[in-house]
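What follows is coords.txt (compact mmCIF, C-alpha atoms).
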```txt
# COMPACT_ATOMS: atom_id res chain seq x y z
CA MET A 5 1.96 9.26 -11.17
CA SER A 6 1.65 5.47 -10.75
CA ARG A 7 4.38 3.02 -9.89
CA ARG A 8 3.54 -0.37 -11.27
CA MET A 9 5.48 -3.54 -10.75
CA PRO A 10 5.43 -6.54 -13.07
CA LYS A 11 2.52 -8.80 -12.16
CA TRP A 12 4.81 -11.76 -11.56
CA PHE A 13 6.99 -9.96 -9.00
CA MET A 14 4.86 -10.59 -5.91
CA PRO A 15 4.03 -14.24 -6.74
CA LEU A 16 7.70 -14.99 -7.27
CA PHE A 17 8.75 -12.95 -4.25
CA SER A 18 6.30 -14.83 -2.04
CA LEU A 19 7.54 -18.15 -3.36
CA GLY A 20 11.17 -17.09 -2.93
CA LEU A 21 10.47 -16.00 0.62
CA GLY A 22 8.88 -19.37 1.29
CA VAL A 23 11.95 -21.15 -0.03
CA ALA A 24 14.18 -18.94 2.12
CA CYS A 25 12.07 -19.81 5.18
CA LEU A 26 12.32 -23.50 4.31
CA VAL A 27 16.11 -23.32 4.08
CA ALA A 28 16.38 -21.36 7.33
CA PHE A 29 14.14 -23.77 9.23
CA TRP A 30 15.90 -26.75 7.67
CA ILE A 31 19.25 -25.45 8.87
CA GLY A 32 17.67 -25.02 12.29
CA ASP A 33 16.55 -28.64 12.20
CA ASN A 34 12.87 -27.79 11.96
CA LEU A 35 11.92 -29.04 8.51
CA ARG A 36 8.24 -29.35 9.39
CA GLN A 37 7.92 -25.63 10.17
CA GLY A 38 9.89 -24.86 7.02
CA LEU A 39 7.50 -26.85 4.88
CA PHE A 40 4.55 -25.14 6.53
CA SER A 41 6.09 -21.74 5.80
CA LEU A 42 6.74 -22.72 2.19
CA ALA A 43 3.16 -23.91 1.79
CA LEU A 44 1.76 -20.76 3.38
CA LEU A 45 3.85 -18.33 1.35
CA GLY A 46 3.40 -20.41 -1.77
CA GLY A 47 -0.33 -20.13 -1.25
CA VAL A 48 -0.04 -16.38 -0.90
CA GLY A 49 1.95 -16.31 -4.15
CA ALA A 50 -0.72 -18.38 -5.86
CA VAL A 51 -3.41 -15.94 -4.76
CA PHE A 52 -1.36 -13.11 -6.22
CA ALA A 53 -0.81 -15.07 -9.42
CA VAL A 54 -4.43 -16.01 -10.14
CA GLY A 55 -6.33 -13.24 -8.38
CA GLY A 56 -5.75 -10.60 -11.03
CA ARG A 57 -9.44 -10.01 -11.66
CA SER A 58 -9.65 -8.32 -8.27
CA GLU A 59 -8.55 -4.69 -8.16
CA THR A 60 -7.52 -5.22 -4.54
CA ILE A 61 -5.22 -8.07 -5.51
CA ARG A 62 -3.81 -6.05 -8.40
CA GLY A 63 -3.24 -3.14 -6.01
CA LEU A 64 -1.43 -5.37 -3.53
CA ARG A 65 0.47 -7.07 -6.32
CA GLY A 66 1.65 -3.78 -7.72
CA ASP A 67 0.70 -4.05 -11.39
CA GLY A 68 -2.63 -2.33 -10.86
CA ARG A 69 -1.32 0.34 -8.59
CA ASP A 70 -2.23 3.97 -9.11
CA GLU A 71 -2.02 6.88 -6.68
CA TYR A 72 -5.03 5.63 -4.73
CA TRP A 73 -3.51 2.18 -4.10
CA TYR A 74 -0.13 3.79 -3.49
CA SER A 75 -1.68 5.96 -0.78
CA LEU A 76 -3.24 2.86 0.83
CA ASP A 77 0.14 1.12 0.75
CA ARG A 78 1.89 4.14 2.25
CA ASP A 79 -0.65 4.57 5.05
CA ALA A 80 -0.77 0.84 5.81
CA THR A 81 3.03 0.75 5.98
CA LEU A 82 2.97 3.75 8.31
CA LEU A 83 0.43 2.06 10.58
CA ALA A 84 2.38 -1.21 10.59
CA GLY A 85 5.62 0.60 11.37
CA MET A 86 4.12 2.66 14.19
CA THR A 87 2.49 -0.44 15.68
CA LEU A 88 5.78 -2.30 15.57
CA ILE A 89 7.67 0.57 17.19
CA LEU A 90 5.11 0.88 19.99
CA VAL A 91 5.16 -2.85 20.65
CA LEU A 92 8.97 -2.80 20.72
CA ILE A 93 8.97 0.08 23.22
CA GLY A 94 6.46 -1.78 25.36
CA LEU A 95 8.59 -4.90 25.28
CA CYS A 96 11.67 -2.87 26.23
CA PHE A 97 9.88 -1.49 29.25
CA TRP A 98 8.72 -4.98 30.17
CA GLU A 99 12.23 -6.39 29.93
CA TRP A 100 13.78 -3.52 31.89
CA ALA A 101 11.10 -3.80 34.58
CA HIS A 102 12.11 -7.44 34.97
CA GLY A 103 15.76 -6.61 35.40
CA ARG A 104 16.89 -7.59 31.92
CA ASP A 105 18.83 -5.48 29.43
CA GLY A 106 16.03 -5.23 26.86
CA SER A 107 17.78 -7.11 24.05
CA PRO A 108 16.91 -7.38 21.22
CA TYR A 109 13.92 -5.07 21.55
CA ALA A 110 15.94 -2.04 22.54
CA GLN A 111 18.24 -2.43 19.56
CA LEU A 112 15.34 -2.94 17.17
CA ALA A 113 13.55 0.12 18.55
CA ALA A 114 16.77 2.12 18.19
CA ILE A 115 17.05 1.04 14.54
CA GLY A 116 13.46 2.12 13.97
CA GLY A 117 13.99 5.48 15.58
CA ALA A 118 17.27 6.16 13.79
CA THR A 119 15.71 5.16 10.45
CA TYR A 120 12.82 7.54 11.02
CA ILE A 121 15.13 10.47 11.80
CA ALA A 122 17.42 9.71 8.87
CA ALA A 123 14.49 9.37 6.48
CA TYR A 124 12.94 12.59 7.77
CA ILE A 125 16.16 14.52 7.17
CA ALA A 126 16.78 12.93 3.76
CA LEU A 127 13.25 13.62 2.57
CA ARG A 128 13.42 17.18 3.91
CA MET A 129 16.53 17.76 1.79
CA ARG A 130 14.95 16.26 -1.31
CA ARG A 131 11.54 17.93 -1.19
CA MET B 4 -17.70 14.52 -10.74
CA ARG B 5 -20.33 11.83 -10.40
CA GLU B 6 -22.91 14.08 -12.00
CA LEU B 7 -20.64 14.85 -14.95
CA ARG B 8 -19.89 11.17 -15.40
CA MET B 9 -23.54 10.19 -15.36
CA GLU B 10 -24.47 13.00 -17.77
CA ARG B 11 -22.13 11.38 -20.25
CA GLY B 12 -23.49 7.90 -19.57
CA LEU B 13 -20.16 6.60 -18.36
CA SER B 14 -19.63 3.85 -15.84
CA GLN B 15 -17.01 4.27 -13.15
CA GLY B 16 -14.89 1.68 -14.90
CA GLU B 17 -15.10 3.50 -18.22
CA LEU B 18 -14.07 6.80 -16.63
CA ALA B 19 -11.25 5.06 -14.80
CA ALA B 20 -9.97 3.53 -18.02
CA ALA B 21 -10.17 6.89 -19.77
CA VAL B 22 -7.86 8.58 -17.26
CA ASP B 23 -5.74 5.48 -16.59
CA VAL B 24 -6.59 4.88 -12.95
CA SER B 25 -8.33 2.05 -11.13
CA ARG B 26 -12.09 1.91 -10.80
CA GLN B 27 -11.67 2.02 -7.04
CA SER B 28 -9.93 5.39 -7.40
CA ILE B 29 -12.99 6.83 -9.12
CA ILE B 30 -15.31 5.29 -6.53
CA SER B 31 -13.35 6.77 -3.64
CA ILE B 32 -13.07 10.19 -5.29
CA GLU B 33 -16.83 10.30 -5.88
CA LYS B 34 -17.49 9.31 -2.27
CA GLY B 35 -15.17 12.04 -1.06
CA ARG B 36 -12.88 9.56 0.65
CA PHE B 37 -9.86 10.16 -1.53
CA VAL B 38 -8.45 13.47 -2.69
CA PRO B 39 -6.82 13.10 -6.12
CA SER B 40 -3.43 14.56 -6.83
CA LEU B 41 -3.19 17.71 -8.91
CA PRO B 42 -2.16 15.81 -12.09
CA LEU B 43 -5.11 13.44 -11.73
CA ALA B 44 -7.50 16.28 -10.96
CA LEU B 45 -6.30 18.08 -14.08
CA SER B 46 -6.68 14.89 -16.16
CA LEU B 47 -10.24 14.49 -14.98
CA ALA B 48 -11.05 18.13 -15.60
CA ARG B 49 -9.58 17.95 -19.12
CA TYR B 50 -11.55 14.80 -19.84
CA PHE B 51 -14.78 16.54 -18.96
CA ASP B 52 -13.64 19.74 -20.67
CA LYS B 53 -14.23 21.63 -17.47
CA THR B 54 -12.10 23.47 -14.95
CA VAL B 55 -10.95 21.71 -11.81
CA GLU B 56 -13.26 23.93 -9.76
CA GLU B 57 -16.23 22.88 -11.87
CA VAL B 58 -15.45 19.19 -11.42
CA PHE B 59 -14.54 19.23 -7.76
CA HIS B 60 -16.28 21.13 -5.03
CA ALA B 61 -13.85 21.80 -2.18
CA ASP B 62 -15.31 21.81 1.32
CA GLU B 63 -15.54 25.26 2.79
```
Would you put the structure from the file into structure tokens?
Amino acid sequence: MSRRMPKWFMPLFSLGLGVACLVAFWIGDNLRQGLFSLALLGGVGAVFAVGGRSETIRGLRGDGRDEYWYSLDRDATLLAGMTLILVLIGLCFWEWAHGRDGSPYAQLAAIGGATYIAAYIALRMRR
Amino acid sequence: MRELRMERGLSQGELAAAVDVSRQSIISIEKGRFVPSLPLALSLARYFDKTVEEVFHADE
């Protein structure tokens, strides 16, 4: 019924993402932005690491997740995905209306649409 | 479910711990904002030694 992750996964993931951002920005000759990203994501990881008394933090972190928190995660992911797809479509229209080819928004929107259709078919076959 | 819980003098946290869910799950179920899955509904009914219909009152 519940899918629980180890409590150290999200803190370490946040920190790892921060390090990856630092490296990427460093390669792009923008060390300052990289350090800011590392600090920001490191801070997020710290909140995950020490905020375990909060059920909300434990739900976000994954170790305190039950079907209620899983449903929140699923619905929030759905909302975020739909928002992103709508924004991408809007940006495509904007680019096309200005005589441009729509890159990379058109490609990103196509990936989103293809993923949705593939997931729909795969889930239909499994359920 | 809230009535059954209070009859037994349980807090929301104690009931949550008994059926291995978060306290927020119990809060949301009691407020009618979250519909538990069938396994969870059965766990709660078994805990109270009632049927699912006696624990939950579906909207008509």
**Item:** Interface list for chain A, partner chain B, 9 Å threshold, all atoms listed in the file, as a list in words
**Value:** Met5, Ser6, Glu59, Thr60, Gly63, Gly68, Arg69, Asp70, Glu71, Tyr72 and Trp73 of chain A
**Prompt:** Suppose you want the space between CA of Leu64 in chain A and CA of Leu16 in chain A; what is it in Å?
**Reply:** 13.8 Å
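For the atom pair formed by CA of Arg11 in chain B and CA of Phe51 in chain B, the distance is 9.1 Å, given to one decimal.
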**Prompt:** Which residue out of B:Glu17, B:His60, B:Val22, B:Glu33 has the minimum interatomic distance to Leu45 in chain B when all atoms listed in the file are used?
**Reply:** B:Val22
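For the pair CA of Tyr109 in chain A and CA of Cys96 in chain A, the separation is 5.6 Å.
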**Near-Ala43 in chain A list (10 Å; all atoms listed in the file; drop same-chain fewer than 6 positions) as a ChimeraX atom specification** = /A:19,22-23,26,37,49
Prev. selection, C-alpha atoms, output as a PDB file, in the frame of the given file:
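part-v9.pdb was written with the following content:
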```
ATOM      1  CA  LEU A  19       7.540 -18.150  -3.360  1.00  0.00           C
ATOM      2  CA  GLY A  22       8.880 -19.370   1.290  1.00  0.00           C
ATOM      3  CA  VAL A  23      11.950 -21.150  -0.030  1.00  0.00           C
ATOM      4  CA  LEU A  26      12.320 -23.500   4.310  1.00  0.00           C
ATOM      5  CA  GLN A  37       7.920 -25.630  10.170  1.00  0.00           C
ATOM      6  CA  GLY A  49       1.950 -16.310  -4.150  1.00  0.00           C
TER       7      GLY A  49
END
```
Since the input lacks atoms, please generate N, CA and C atoms for range 8-37 of chain A and provide them as a PDB file, keeping the file's coordinate frame.
```pdb
ATOM      1  N   ARG A   8       4.078   0.970 -11.091  1.00  0.00           N
ATOM      2  CA  ARG A   8       3.540  -0.370 -11.270  1.00  0.00           C
ATOM      3  C   ARG A   8       4.666  -1.365 -11.408  1.00  0.00           C
ATOM      4  N   MET A   9       4.497  -2.457 -10.682  1.00  0.00           N
ATOM      5  CA  MET A   9       5.480  -3.540 -10.750  1.00  0.00           C
ATOM      6  C   MET A   9       4.960  -4.606 -11.694  1.00  0.00           C
ATOM      7  N   PRO A  10       5.871  -5.418 -12.227  1.00  0.00           N
ATOM      8  CA  PRO A  10       5.430  -6.540 -13.070  1.00  0.00           C
ATOM      9  C   PRO A  10       4.523  -7.459 -12.260  1.00  0.00           C
ATOM     10  N   LYS A  11       3.521  -8.015 -12.907  1.00  0.00           N
ATOM     11  CA  LYS A  11       2.520  -8.800 -12.160  1.00  0.00           C
ATOM     12  C   LYS A  11       3.086 -10.085 -11.597  1.00  0.00           C
ATOM     13  N   TRP A  12       4.218 -10.535 -12.090  1.00  0.00           N
ATOM     14  CA  TRP A  12       4.810 -11.760 -11.560  1.00  0.00           C
ATOM     15  C   TRP A  12       5.771 -11.514 -10.412  1.00  0.00           C
ATOM     16  N   PHE A  13       6.020 -10.250 -10.049  1.00  0.00           N
ATOM     17  CA  PHE A  13       6.990  -9.960  -9.000  1.00  0.00           C
ATOM     18  C   PHE A  13       6.522 -10.514  -7.650  1.00  0.00           C
ATOM     19  N   MET A  14       5.327 -10.165  -7.231  1.00  0.00           N
ATOM     20  CA  MET A  14       4.860 -10.590  -5.910  1.00  0.00           C
ATOM     21  C   MET A  14       4.677 -12.099  -5.804  1.00  0.00           C
ATOM     22  N   PRO A  15       4.110 -12.772  -6.838  1.00  0.00           N
ATOM     23  CA  PRO A  15       4.030 -14.240  -6.740  1.00  0.00           C
ATOM     24  C   PRO A  15       5.407 -14.879  -6.563  1.00  0.00           C
ATOM     25  N   LEU A  16       6.367 -14.405  -7.359  1.00  0.00           N
ATOM     26  CA  LEU A  16       7.700 -14.990  -7.270  1.00  0.00           C
ATOM     27  C   LEU A  16       8.394 -14.599  -5.963  1.00  0.00           C
ATOM     28  N   PHE A  17       8.159 -13.389  -5.514  1.00  0.00           N
ATOM     29  CA  PHE A  17       8.750 -12.950  -4.250  1.00  0.00           C
ATOM     30  C   PHE A  17       8.215 -13.775  -3.095  1.00  0.00           C
ATOM     31  N   SER A  18       6.915 -14.023  -3.100  1.00  0.00           N
ATOM     32  CA  SER A  18       6.300 -14.830  -2.040  1.00  0.00           C
ATOM     33  C   SER A  18       6.870 -16.241  -2.052  1.00  0.00           C
ATOM     34  N   LEU A  19       6.990 -16.797  -3.247  1.00  0.00           N
ATOM     35  CA  LEU A  19       7.540 -18.150  -3.360  1.00  0.00           C
ATOM     36  C   LEU A  19       9.005 -18.173  -2.909  1.00  0.00           C
ATOM     37  N   GLY A  20       9.763 -17.174  -3.329  1.00  0.00           N
ATOM     38  CA  GLY A  20      11.170 -17.090  -2.930  1.00  0.00           C
ATOM     39  C   GLY A  20      11.330 -16.953  -1.429  1.00  0.00           C
ATOM     40  N   LEU A  21      10.438 -16.164  -0.833  1.00  0.00           N
ATOM     41  CA  LEU A  21      10.470 -16.000   0.620  1.00  0.00           C
ATOM     42  C   LEU A  21      10.157 -17.322   1.316  1.00  0.00           C
ATOM     43  N   GLY A  22       9.217 -18.052   0.740  1.00  0.00           N
ATOM     44  CA  GLY A  22       8.880 -19.370   1.290  1.00  0.00           C
ATOM     45  C   GLY A  22      10.056 -20.331   1.219  1.00  0.00           C
ATOM     46  N   VAL A  23      10.767 -20.292   0.107  1.00  0.00           N
ATOM     47  CA  VAL A  23      11.950 -21.150  -0.030  1.00  0.00           C
ATOM     48  C   VAL A  23      13.025 -20.746   0.980  1.00  0.00           C
ATOM     49  N   ALA A  24      13.200 -19.433   1.151  1.00  0.00           N
ATOM     50  CA  ALA A  24      14.180 -18.940   2.120  1.00  0.00           C
ATOM     51  C   ALA A  24      13.814 -19.387   3.541  1.00  0.00           C
ATOM     52  N   CYS A  25      12.532 -19.340   3.863  1.00  0.00           N
ATOM     53  CA  CYS A  25      12.070 -19.810   5.180  1.00  0.00           C
ATOM     54  C   CYS A  25      12.344 -21.300   5.332  1.00  0.00           C
ATOM     55  N   LEU A  26      12.084 -22.051   4.266  1.00  0.00           N
ATOM     56  CA  LEU A  26      12.320 -23.500   4.310  1.00  0.00           C
ATOM     57  C   LEU A  26      13.792 -23.789   4.602  1.00  0.00           C
ATOM     58  N   VAL A  27      14.664 -23.105   3.893  1.00  0.00           N
ATOM     59  CA  VAL A  27      16.110 -23.320   4.080  1.00  0.00           C
ATOM     60  C   VAL A  27      16.523 -22.960   5.511  1.00  0.00           C
ATOM     61  N   ALA A  28      16.010 -21.811   5.991  1.00  0.00           N
ATOM     62  CA  ALA A  28      16.380 -21.360   7.330  1.00  0.00           C
ATOM     63  C   ALA A  28      15.906 -22.346   8.393  1.00  0.00           C
ATOM     64  N   PHE A  29      14.664 -22.798   8.261  1.00  0.00           N
ATOM     65  CA  PHE A  29      14.140 -23.770   9.230  1.00  0.00           C
ATOM     66  C   PHE A  29      14.852 -25.106   9.104  1.00  0.00           C
ATOM     67  N   TRP A  30      15.203 -25.474   7.894  1.00  0.00           N
ATOM     68  CA  TRP A  30      15.900 -26.750   7.670  1.00  0.00           C
ATOM     69  C   TRP A  30      17.263 -26.730   8.356  1.00  0.00           C
ATOM     70  N   ILE A  31      17.953 -25.600   8.197  1.00  0.00           N
ATOM     71  CA  ILE A  31      19.250 -25.450   8.870  1.00  0.00           C
ATOM     72  C   ILE A  31      19.083 -25.525  10.377  1.00  0.00           C
ATOM     73  N   GLY A  32      17.941 -24.971  10.855  1.00  0.00           N
ATOM     74  CA  GLY A  32      17.670 -25.020  12.290  1.00  0.00           C
ATOM     75  C   GLY A  32      17.024 -26.318  12.737  1.00  0.00           C
ATOM     76  N   ASP A  33      17.045 -27.300  11.870  1.00  0.00           N
ATOM     77  CA  ASP A  33      16.550 -28.640  12.200  1.00  0.00           C
ATOM     78  C   ASP A  33      15.054 -28.634  12.528  1.00  0.00           C
ATOM     79  N   ASN A  34      14.317 -27.841  11.767  1.00  0.00           N
ATOM     80  CA  ASN A  34      12.870 -27.790  11.960  1.00  0.00           C
ATOM     81  C   ASN A  34      12.203 -27.818  10.584  1.00  0.00           C
ATOM     82  N   LEU A  35      12.397 -28.920   9.883  1.00  0.00           N
ATOM     83  CA  LEU A  35      11.920 -29.040   8.510  1.00  0.00           C
ATOM     84  C   LEU A  35      10.399 -28.896   8.418  1.00  0.00           C
ATOM     85  N   ARG A  36       9.714 -29.390   9.414  1.00  0.00           N
ATOM     86  CA  ARG A  36       8.240 -29.350   9.390  1.00  0.00           C
ATOM     87  C   ARG A  36       7.746 -27.898   9.327  1.00  0.00           C
ATOM     88  N   GLN A  37       8.299 -27.045  10.177  1.00  0.00           N
ATOM     89  CA  GLN A  37       7.920 -25.630  10.170  1.00  0.00           C
ATOM     90  C   GLN A  37       8.321 -24.974   8.856  1.00  0.00           C
TER      91      GLN A  37
END
```
